[in-house]
$ cat entry_8.tsv   # TSV, C-alpha atoms
chain	number	residue	atom	x	y	z
A	1008	MET	CA	27.16	23.57	-0.41
A	1009	ILE	CA	24.31	24.80	1.80
A	1010	LYS	CA	21.91	27.22	0.14
A	1011	GLY	CA	18.95	29.13	1.49
A	1012	THR	CA	15.97	30.60	-0.31
A	1013	ILE	CA	15.67	34.30	0.50
A	1014	PHE	CA	13.06	36.84	-0.57
A	1015	ASN	CA	14.70	40.00	0.75
A	1016	ILE	CA	17.91	41.27	2.31
A	1017	GLN	CA	17.11	44.57	3.97
A	1018	ARG	CA	19.97	46.83	4.93
A	1019	PHE	CA	19.86	49.64	7.49
A	1020	SER	CA	16.96	48.09	9.35
A	1021	ILE	CA	16.18	49.62	12.77
A	1022	HIS	CA	13.15	47.54	13.81
A	1023	ASP	CA	14.62	44.03	13.94
A	1024	GLY	CA	16.83	44.22	17.01
A	1025	PRO	CA	19.27	46.75	18.50
A	1026	GLY	CA	21.13	49.28	16.39
A	1027	ILE	CA	21.41	49.32	12.62
A	1028	ARG	CA	20.97	45.84	11.19
A	1029	THR	CA	20.88	43.80	8.04
A	1030	THR	CA	17.77	41.62	8.05
A	1031	VAL	CA	17.72	38.46	5.95
A	1032	PHE	CA	14.21	37.23	5.11
A	1033	LEU	CA	13.99	33.47	4.46
A	1034	LYS	CA	11.11	31.84	2.59
A	1035	GLY	CA	8.94	29.15	4.11
A	1036	CYS	CA	6.81	29.09	7.25
A	1037	PRO	CA	4.93	26.28	9.07
A	1038	LEU	CA	2.26	28.69	10.35
A	1039	ARG	CA	-0.61	30.30	8.49
A	1040	CYS	CA	-1.46	33.28	10.68
A	1041	LEU	CA	-4.66	34.96	9.56
A	1042	TRP	CA	-3.02	38.40	9.76
A	1043	CYS	CA	0.30	37.54	8.09
A	1044	HIS	CA	1.83	40.62	6.46
A	1045	ASN	CA	4.64	38.80	4.61
A	1046	PRO	CA	2.67	36.33	2.44
A	1047	GLU	CA	5.55	36.13	-0.03
A	1048	GLY	CA	7.48	34.39	2.76
A	1049	LEU	CA	4.97	31.61	3.42
A	1050	SER	CA	6.02	29.19	0.67
A	1051	ARG	CA	9.55	27.87	0.25
A	1052	GLU	CA	9.00	28.08	-3.51
A	1053	ILE	CA	9.63	31.29	-5.42
A	1054	ASP	CA	6.72	33.59	-6.29
A	1055	ILE	CA	6.24	35.92	-9.24
A	1056	GLU	CA	4.95	39.26	-7.96
A	1057	TYR	CA	2.87	41.47	-10.25
A	1058	SER	CA	2.06	45.04	-9.22
A	1059	PRO	CA	-0.69	46.51	-11.45
A	1060	VAL	CA	0.02	50.08	-10.34
A	1061	LYS	CA	3.54	49.91	-11.78
A	1062	CYS	CA	2.59	48.32	-15.11
A	1063	ILE	CA	2.94	50.61	-18.16
A	1064	GLY	CA	1.34	48.16	-20.60
A	1065	CYS	CA	4.44	47.85	-22.78
A	1066	GLY	CA	3.80	44.18	-23.50
A	1067	ARG	CA	7.42	43.06	-23.05
A	1068	CYS	CA	6.20	40.38	-20.64
A	1069	ARG	CA	4.61	38.57	-23.57
A	1070	ILE	CA	8.01	36.96	-24.04
A	1071	CYS	CA	6.69	34.34	-21.62
A	1072	PRO	CA	7.03	30.91	-23.32
A	1073	ASN	CA	3.77	29.72	-21.70
A	1074	GLY	CA	1.71	32.73	-22.79
A	1075	CYS	CA	0.93	33.77	-19.21
A	1076	HIS	CA	0.77	37.48	-20.01
A	1077	SER	CA	-1.52	39.34	-22.36
A	1078	ILE	CA	-2.36	42.99	-22.95
A	1079	ARG	CA	-5.94	43.56	-24.05
A	1080	ASP	CA	-8.79	46.01	-23.51
A	1081	GLY	CA	-6.36	48.41	-21.90
A	1082	GLY	CA	-5.39	45.94	-19.20
A	1083	HIS	CA	-2.65	43.47	-18.30
A	1084	TYR	CA	-3.80	39.90	-17.68
A	1085	PHE	CA	-1.60	37.38	-15.86
A	1086	ASP	CA	-2.68	33.73	-16.07
A	1087	ARG	CA	-0.89	32.26	-13.05
A	1088	ASP	CA	-2.21	28.77	-13.77
A	1089	LYS	CA	0.16	28.57	-16.74
A	1090	CYS	CA	3.14	30.04	-14.90
A	1091	ASP	CA	6.16	27.79	-14.22
A	1092	LYS	CA	8.05	30.69	-12.58
A	1093	CYS	CA	10.86	30.72	-15.11
A	1094	GLY	CA	11.32	34.47	-14.55
A	1095	LYS	CA	11.70	35.45	-18.21
A	1096	CYS	CA	8.87	37.97	-17.89
A	1097	VAL	CA	10.65	39.57	-14.93
A	1098	GLU	CA	13.85	39.92	-16.93
A	1099	ALA	CA	11.91	41.64	-19.74
A	1100	CYS	CA	9.89	43.99	-17.52
A	1101	VAL	CA	11.18	47.58	-17.59
A	1102	SER	CA	8.72	49.12	-15.11
A	1103	GLY	CA	9.41	46.92	-12.09
A	1104	SER	CA	5.84	45.65	-12.05
A	1105	LEU	CA	7.06	42.05	-12.24
A	1106	LEU	CA	9.48	40.72	-9.63
A	1107	VAL	CA	10.75	37.37	-8.43
A	1108	ALA	CA	10.20	36.81	-4.71
A	1109	GLY	CA	12.80	34.23	-3.82
A	1110	LYS	CA	16.40	33.50	-4.76
A	1111	ASP	CA	18.89	30.88	-3.62
A	1112	TYR	CA	22.00	32.15	-1.84
A	1113	THR	CA	25.02	30.47	-0.32
A	1114	VAL	CA	26.16	31.49	3.15
A	1115	ASP	CA	29.19	33.25	1.64
A	1116	GLU	CA	26.99	35.25	-0.73
A	1117	VAL	CA	24.83	36.50	2.13
A	1118	MET	CA	27.82	37.25	4.35
A	1119	LYS	CA	29.35	39.47	1.66
A	1120	LYS	CA	26.26	41.66	1.86
A	1121	VAL	CA	26.14	41.54	5.66
A	1122	GLU	CA	29.83	42.35	6.12
A	1123	SER	CA	29.59	45.40	3.86
A	1124	ASP	CA	27.89	47.24	6.73
A	1125	VAL	CA	30.10	46.10	9.63
A	1126	LEU	CA	31.11	49.69	10.40
A	1127	PHE	CA	27.46	50.65	10.98
A	1128	TYR	CA	26.98	47.66	13.28
A	1129	LYS	CA	29.97	48.64	15.40
A	1130	GLU	CA	28.92	52.27	15.70
A	1131	SER	CA	25.26	51.53	16.52
A	1132	GLY	CA	25.44	48.21	18.36
A	1133	GLY	CA	23.68	46.51	15.48
A	1134	GLY	CA	24.22	43.31	13.56
A	1135	MET	CA	22.44	40.68	11.49
A	1136	THR	CA	18.88	39.46	12.00
A	1137	ILE	CA	17.35	36.45	10.27
A	1138	SER	CA	13.59	36.72	9.73
A	1139	GLY	CA	11.04	35.24	7.39
A	1140	GLY	CA	8.89	33.38	6.85
A	1141	GLU	CA	10.30	31.31	9.70
A	1142	PRO	CA	14.10	31.01	9.88
A	1143	PHE	CA	14.05	27.56	11.48
A	1144	TYR	CA	12.04	26.27	8.51
A	1145	GLN	CA	15.44	26.35	6.76
A	1146	SER	CA	17.27	25.26	9.89
A	1147	GLU	CA	20.53	24.03	8.39
A	1148	PHE	CA	21.08	27.23	6.42
A	1149	THR	CA	20.01	29.40	9.37
A	1150	ALA	CA	22.51	27.72	11.71
A	1151	ALA	CA	25.32	28.00	9.14
A	1152	LEU	CA	24.61	31.68	8.52
A	1153	PHE	CA	24.53	32.51	12.24
A	1154	LYS	CA	27.78	30.60	12.78
A	1155	ALA	CA	29.45	32.54	9.98
A	1156	ALA	CA	28.27	35.84	11.45
A	1157	LYS	CA	29.55	35.00	14.93
A	1158	GLU	CA	32.92	34.01	13.49
A	1159	LYS	CA	33.09	37.59	12.17
A	1160	GLY	CA	32.13	39.04	15.57
A	1161	ILE	CA	28.71	40.22	14.37
A	1162	HIS	CA	25.78	40.44	16.80
A	1163	THR	CA	23.00	38.04	15.81
A	1164	ALA	CA	19.24	38.03	16.30
A	1165	VAL	CA	16.39	35.87	15.04
A	1166	GLU	CA	12.72	36.69	14.52
A	1167	THR	CA	10.87	33.44	15.14
A	1168	CYS	CA	7.41	32.06	15.73
A	1169	GLY	CA	9.07	29.40	17.87
A	1170	PHE	CA	7.50	26.46	16.03
A	1171	CYS	CA	10.35	24.12	15.15
A	1172	SER	CA	11.96	20.87	16.23
A	1173	ASP	CA	14.37	20.78	19.14
A	1174	ASP	CA	17.12	19.68	16.74
A	1175	ALA	CA	16.57	22.73	14.55
A	1176	LEU	CA	16.69	25.02	17.58
A	1177	GLN	CA	19.75	23.41	19.17
A	1178	ARG	CA	21.67	23.56	15.88
A	1179	ALA	CA	21.55	27.38	15.86
A	1180	LEU	CA	21.21	28.17	19.58
A	1181	PRO	CA	24.95	28.66	20.34
A	1182	TYR	CA	25.25	31.34	17.64
A	1183	ILE	CA	22.22	33.51	18.48
A	1184	ASP	CA	22.56	36.50	20.82
A	1185	LEU	CA	18.93	37.66	20.85
A	1186	PHE	CA	15.60	35.99	20.19
A	1187	LEU	CA	12.72	38.14	18.95
A	1188	PHE	CA	10.13	35.54	19.94
A	1189	ASP	CA	6.46	35.74	18.94
A	1190	TYR	CA	3.71	35.09	21.45
A	1191	LYS	CA	0.59	35.27	19.33
A	1192	VAL	CA	-2.48	33.74	20.96
A	1193	THR	CA	-3.28	32.27	24.40
A	1194	GLY	CA	-4.66	28.73	24.53
A	1195	ALA	CA	-3.78	25.76	22.34
A	1196	GLU	CA	-7.08	25.58	20.45
A	1197	ALA	CA	-7.35	29.34	19.93
A	1198	HIS	CA	-3.75	29.40	18.70
A	1199	LYS	CA	-4.46	26.60	16.24
A	1200	ALA	CA	-7.57	28.34	14.93
A	1201	ALA	CA	-5.63	31.55	14.27
A	1202	THR	CA	-2.31	30.15	13.05
A	1203	GLY	CA	-2.86	26.54	11.99
A	1204	VAL	CA	-0.85	24.99	14.86
A	1205	ASP	CA	-1.27	24.81	18.63
A	1206	ASN	CA	1.32	26.48	20.85
A	1207	GLY	CA	2.64	23.52	22.88
A	1208	VAL	CA	5.92	23.22	20.95
A	1209	ILE	CA	6.28	27.01	20.90
A	1210	LEU	CA	6.05	27.35	24.68
A	1211	LYS	CA	8.45	24.42	25.15
A	1212	ASN	CA	10.99	26.06	22.87
A	1213	LEU	CA	10.63	29.36	24.69
A	1214	LYS	CA	11.56	27.62	27.95
A	1215	THR	CA	14.55	25.95	26.25
A	1216	ILE	CA	15.81	29.32	25.06
A	1217	ASP	CA	15.29	30.90	28.48
A	1218	ASP	CA	17.05	28.00	30.24
A	1219	ALA	CA	20.01	28.50	27.88
A	1220	GLY	CA	20.35	32.07	29.16
A	1221	LYS	CA	19.64	33.71	25.81
A	1222	LYS	CA	18.17	37.21	25.81
A	1223	ILE	CA	14.57	37.34	24.61
A	1224	THR	CA	12.26	40.08	23.41
A	1225	LEU	CA	8.70	38.79	23.56
A	1226	ARG	CA	6.82	40.10	20.51
A	1227	CYS	CA	3.06	40.17	20.86
A	1228	PRO	CA	0.87	41.12	17.88
A	1229	ILE	CA	-2.42	42.66	19.01
A	1230	ILE	CA	-5.15	41.48	16.65
A	1231	PRO	CA	-8.73	42.73	17.16
A	1232	SER	CA	-11.22	39.86	17.55
A	1233	ILE	CA	-8.37	37.36	17.87
A	1234	ASN	CA	-6.36	38.17	21.00
A	1235	ASP	CA	-7.51	41.61	22.19
A	1236	ASN	CA	-8.69	40.46	25.62
A	1237	ASN	CA	-7.59	40.49	29.24
A	1238	GLU	CA	-6.96	36.74	29.37
A	1239	HIS	CA	-4.29	37.13	26.70
A	1240	PHE	CA	-2.78	40.22	28.30
A	1241	GLU	CA	-2.53	38.43	31.64
A	1242	ALA	CA	-0.86	35.48	29.93
A	1243	ILE	CA	1.70	37.84	28.36
A	1244	ALA	CA	2.56	39.21	31.79
A	1245	ASN	CA	2.76	35.71	33.28
A	1246	ILE	CA	5.15	34.56	30.57
A	1247	ALA	CA	7.31	37.64	31.08
A	1248	ASN	CA	7.38	37.02	34.82
A	1249	THR	CA	8.24	33.33	34.59
A	1250	HIS	CA	11.03	33.56	32.01
A	1251	GLU	CA	14.07	35.23	33.52
A	1252	ASN	CA	15.72	36.20	30.25
A	1253	ILE	CA	12.77	38.01	28.70
A	1254	VAL	CA	14.19	41.53	28.78
A	1255	LYS	CA	11.16	43.33	27.33
A	1256	VAL	CA	7.79	42.89	25.68
A	1257	ASP	CA	6.95	44.55	22.37
A	1258	LEU	CA	3.24	45.04	21.64
A	1259	GLU	CA	2.68	45.14	17.87
A	1260	PRO	CA	-0.69	46.57	16.76
A	1261	TYR	CA	-2.29	44.89	13.74
A	1262	HIS	CA	-1.84	46.70	10.42
A	1263	ASP	CA	-3.01	45.99	6.90
A	1264	LEU	CA	0.14	47.07	5.05
A	1265	GLY	CA	0.58	43.56	3.67
A	1266	ALA	CA	-2.76	43.53	1.84
A	1267	ALA	CA	-1.25	44.61	-1.49
A	1268	LYS	CA	1.35	41.84	-1.23
A	1269	TYR	CA	-1.39	39.21	-1.35
A	1270	THR	CA	-2.77	40.72	-4.56
A	1271	ASN	CA	0.71	40.91	-6.06
A	1272	ILE	CA	1.26	37.15	-5.65
A	1273	GLY	CA	-2.26	36.24	-6.75
A	1274	LYS	CA	-3.75	35.51	-3.34
A	1275	THR	CA	-6.58	36.96	-1.25
A	1276	PRO	CA	-5.89	38.26	2.28
A	1277	ALA	CA	-7.28	35.84	4.85
A	1278	PHE	CA	-8.10	38.50	7.42
A	1279	SER	CA	-9.05	42.14	7.57
A	1280	HIS	CA	-10.00	44.17	10.58
A	1281	ALA	CA	-9.90	47.63	12.06
A	1282	ILE	CA	-6.46	48.81	13.14
A	1283	PRO	CA	-6.24	49.24	16.94
A	1284	GLU	CA	-6.42	52.87	17.98
A	1285	LYS	CA	-3.52	54.46	19.85
A	1286	GLU	CA	-5.69	54.93	22.92
A	1287	ARG	CA	-6.53	51.21	22.97
A	1288	MET	CA	-2.86	50.24	22.65
A	1289	ALA	CA	-1.95	52.63	25.45
A	1290	HIS	CA	-4.62	51.03	27.65
A	1291	ILE	CA	-3.28	47.53	26.89
A	1292	LYS	CA	0.26	48.63	27.70
A	1293	GLU	CA	-0.87	50.13	31.01
A	1294	TYR	CA	-2.85	46.98	31.90
A	1295	ILE	CA	0.13	44.68	31.31
A	1296	GLU	CA	2.50	47.05	33.12
A	1297	GLY	CA	0.31	46.61	36.19
A	1298	LEU	CA	1.05	42.87	36.11
A	1299	THR	CA	4.79	42.75	35.46
A	1300	GLU	CA	7.98	44.71	36.10
A	1301	LYS	CA	9.32	43.86	32.67
A	1302	LYS	CA	9.59	46.72	30.18
A	1303	ILE	CA	6.56	47.03	27.87
A	1304	ASN	CA	6.86	48.83	24.51
A	1305	ILE	CA	4.44	49.61	21.69
A	1306	SER	CA	6.13	48.99	18.34

$ encode --input "entry_8.tsv" --output "structure tokens"
Amino acid sequence: MIKGTIFNIQRFSIHDGPGIRTTVFLKGCPLRCLWCHNPEGLSREIDIEYSPVKCIGCGRCRICPNGCHSIRDGGHYFDRDKCDKCGKCVEACVSGSLLVAGKDYTVDEVMKKVESDVLFYKESGGGMTISGGEPFYQSEFTAALFKAAKEKGIHTAVETCGFCSDDALQRALPYIDLFLFDYKVTGAEAHKAATGVDNGVILKNLKTIDDAGKKITLRCPIIPSINDNNEHFEAIANIANTHENIVKVDLEPYHDLGAAKYTNIGKTPAFSHAIPEKERMAHIKEYIEGLTEKKINIS
């Protein structure tokens, strides 16, 4: 039985495709983008999240068989080096300061949650979106879940960085209605410096999707000091112009809302920068609009 590792199933989502949607977040990603705001989705393995602001110092977490948790000097100390992620501390926690990020689901288990909101999909033109992490990192499960959704007549969308094998893409391609496809950085070397991989495979997969006639929203994060330049904006317009099935471009200004997530899983954010001002984003939108007839949005 195929299982996927999921760190969140978000109902009533309105930012991951048309209408009201259920977004399924899969763990595991081949990229390491400096600005990643879902660090709990990077590893396929589960993570134990600890939020200090929620901790009430009750000490129930000391049930841990490895002695990972201690309460002393008015503070809670979590020794992650000893942690084997058994989750017993999470079960004991009453304040919600300890959580498990990651759980295995079967396709049927996910579909029960997705189908519970079918009425909202029909009324709003919504459906199911698979996000991550990177959905094609768990390609067999992703394809099976999309197939199950299409068999129920549910609109499907995928949020993807585009970095995957052709086999992984082809396995799911027939069952996906909309691709929310990231275009992050222009130039192979610059892309590798910012994400850990070059963009050759990504651009090849984008062409494959376009040739298949699938609808595409090009999603472009705007990251100061990384891709906030005219060369990148011109490349965005060129890609929009040369791929027939790109229906719109979403510009996504950098934000630091994921910073606390890094702390909660015991990691340090790799990147921090000023958030682009609204005036700057408006200027970027206007510049790209002068180069393409495709619709340009600011998310």

$ residues_around --input "entry_8.tsv" --residues "Gly1203 (chain A)" --least-positions-apart "6" --cutoff "12 Å" --atoms "only C-alpha atoms" --output "MDAnalysis selection string"
chainID A and resid 1036:1041 1170 1191:1192 1195:1197

$ residues_around --input "entry_8.tsv" --residues "region 1009-1025 of chain A" --least-positions-apart "2" --cutoff "8 Å" --atoms "only C-alpha atoms" --output "count of residues only"
31

$ residues_around --input "entry_8.tsv" --residues "His1250 (chain A)" --least-positions-apart "6" --cutoff "9 Å" --atoms "only C-alpha atoms" --output "PyMOL selection string"
chain A and resi 1213-1214+1217-1218

$ residues_around --input "entry_8.tsv" --residues "Ala1289 (chain A)" --least-positions-apart "2" --cutoff "12 Å" --atoms "all atoms listed in the file" --output "list in words"
Ile1229, Leu1258, Glu1259, Pro1260, Pro1283, Glu1284, Lys1285, Glu1286, Arg1287, Ile1291, Lys1292, Glu1293, Tyr1294, Ile1295, Glu1296, Ile1303, Asn1304, Ile1305 and Ser1306 of chain A

$ atom_distance --input "entry_8.tsv" --atom1 "CA of Glu1251 (chain A)" --atom2 "CA of Gly1220 (chain A)"
8.3 Å

$ closest_residue --input "entry_8.tsv" --among "A:Gly1160, A:Gly1265, A:Gly1207, A:Gly1081" --to "Asp1184 (chain A)" --atoms "only C-alpha atoms"
A:Gly1160

$ closest_residue --input "entry_8.tsv" --among "A:Lys1095, A:Lys1255, A:His1044, A:His1198" --to "Lys1222 (chain A)" --atoms "all atoms listed in the file"
A:Lys1255

$ residues_around --input "entry_8.tsv" --residues "region 1173-1181 of chain A" --least-positions-apart "3" --cutoff "9 Å" --atoms "all atoms listed in the file" --output "list in words"
Phe1143, Tyr1144, Gln1145, Ser1146, Glu1147, Thr1149, Ala1150, Ala1151, Phe1153, Lys1154, Gly1169, Asp1184, Val1208, Asn1212, Thr1215, Ile1216, Ala1219 and Lys1221 of chain A

$ closest_residue --input "entry_8.tsv" --among "A:Gly1066, A:Gly1035, A:Gly1026, A:Pro1059" --to "Thr1270 (chain A)" --atoms "only C-alpha atoms"
A:Pro1059

$ closest_residue --input "entry_8.tsv" --among "A:Glu1056, A:Glu1300, A:Asp1257, A:Asp1263" --to "Met1288 (chain A)" --atoms "only C-alpha atoms"
A:Asp1257

$ atom_distance --input "entry_8.tsv" --atom1 "CA of Asp1080 (chain A)" --atom2 "CA of Ile1272 (chain A)"
22.3 Å

$ atom_distance --input "entry_8.tsv" --atom1 "CA of Arg1069 (chain A)" --atom2 "CA of Cys1096 (chain A)"
7.1 Å

$ closest_residue --input "entry_8.tsv" --among "A:Pro1046, A:Ser1058, A:Phe1186, A:Leu1210" --to "Gly1140 (chain A)" --atoms "all atoms listed in the file"
A:Pro1046

$ build_atoms --input "entry_8.tsv" --residues "region 1079-1092 of chain A" --atoms "N, CA and C atoms" --output "tab-separated table (two decimals), in the coordinates of the input"
chain	number	residue	atom	x	y	z
A	1079	ARG	N	-4.73	43.39	-23.24
A	1079	ARG	CA	-5.94	43.56	-24.05
A	1079	ARG	C	-6.95	44.43	-23.30
A	1080	ASP	N	-7.75	45.14	-24.07
A	1080	ASP	CA	-8.79	46.01	-23.51
A	1080	ASP	C	-8.21	46.99	-22.49
A	1081	GLY	N	-6.99	47.43	-22.78
A	1081	GLY	CA	-6.36	48.41	-21.90
A	1081	GLY	C	-5.87	47.87	-20.59
A	1082	GLY	N	-5.82	46.53	-20.45
A	1082	GLY	CA	-5.39	45.94	-19.20
A	1082	GLY	C	-4.36	44.84	-19.39
A	1083	HIS	N	-3.66	44.53	-18.31
A	1083	HIS	CA	-2.65	43.47	-18.30
A	1083	HIS	C	-3.26	42.26	-17.60
A	1084	TYR	N	-3.23	41.12	-18.24
A	1084	TYR	CA	-3.80	39.90	-17.68
A	1084	TYR	C	-2.68	38.87	-17.46
A	1085	PHE	N	-2.64	38.33	-16.25
A	1085	PHE	CA	-1.60	37.38	-15.86
A	1085	PHE	C	-2.27	36.06	-15.48
A	1086	ASP	N	-2.10	35.05	-16.31
A	1086	ASP	CA	-2.68	33.73	-16.07
A	1086	ASP	C	-1.67	32.91	-15.26
A	1087	ARG	N	-1.84	32.93	-13.94
A	1087	ARG	CA	-0.89	32.26	-13.05
A	1087	ARG	C	-0.95	30.74	-13.17
A	1088	ASP	N	-2.08	30.22	-13.63
A	1088	ASP	CA	-2.21	28.77	-13.77
A	1088	ASP	C	-1.21	28.20	-14.78
A	1089	LYS	N	-0.80	29.02	-15.73
A	1089	LYS	CA	0.16	28.57	-16.74
A	1089	LYS	C	1.61	28.80	-16.33
A	1090	CYS	N	1.80	29.56	-15.26
A	1090	CYS	CA	3.14	30.04	-14.90
A	1090	CYS	C	3.99	28.93	-14.28
A	1091	ASP	N	5.21	28.73	-14.82
A	1091	ASP	CA	6.16	27.79	-14.22
A	1091	ASP	C	7.29	28.53	-13.51
A	1092	LYS	N	7.13	29.85	-13.36
A	1092	LYS	CA	8.05	30.69	-12.58
A	1092	LYS	C	9.46	30.70	-13.14
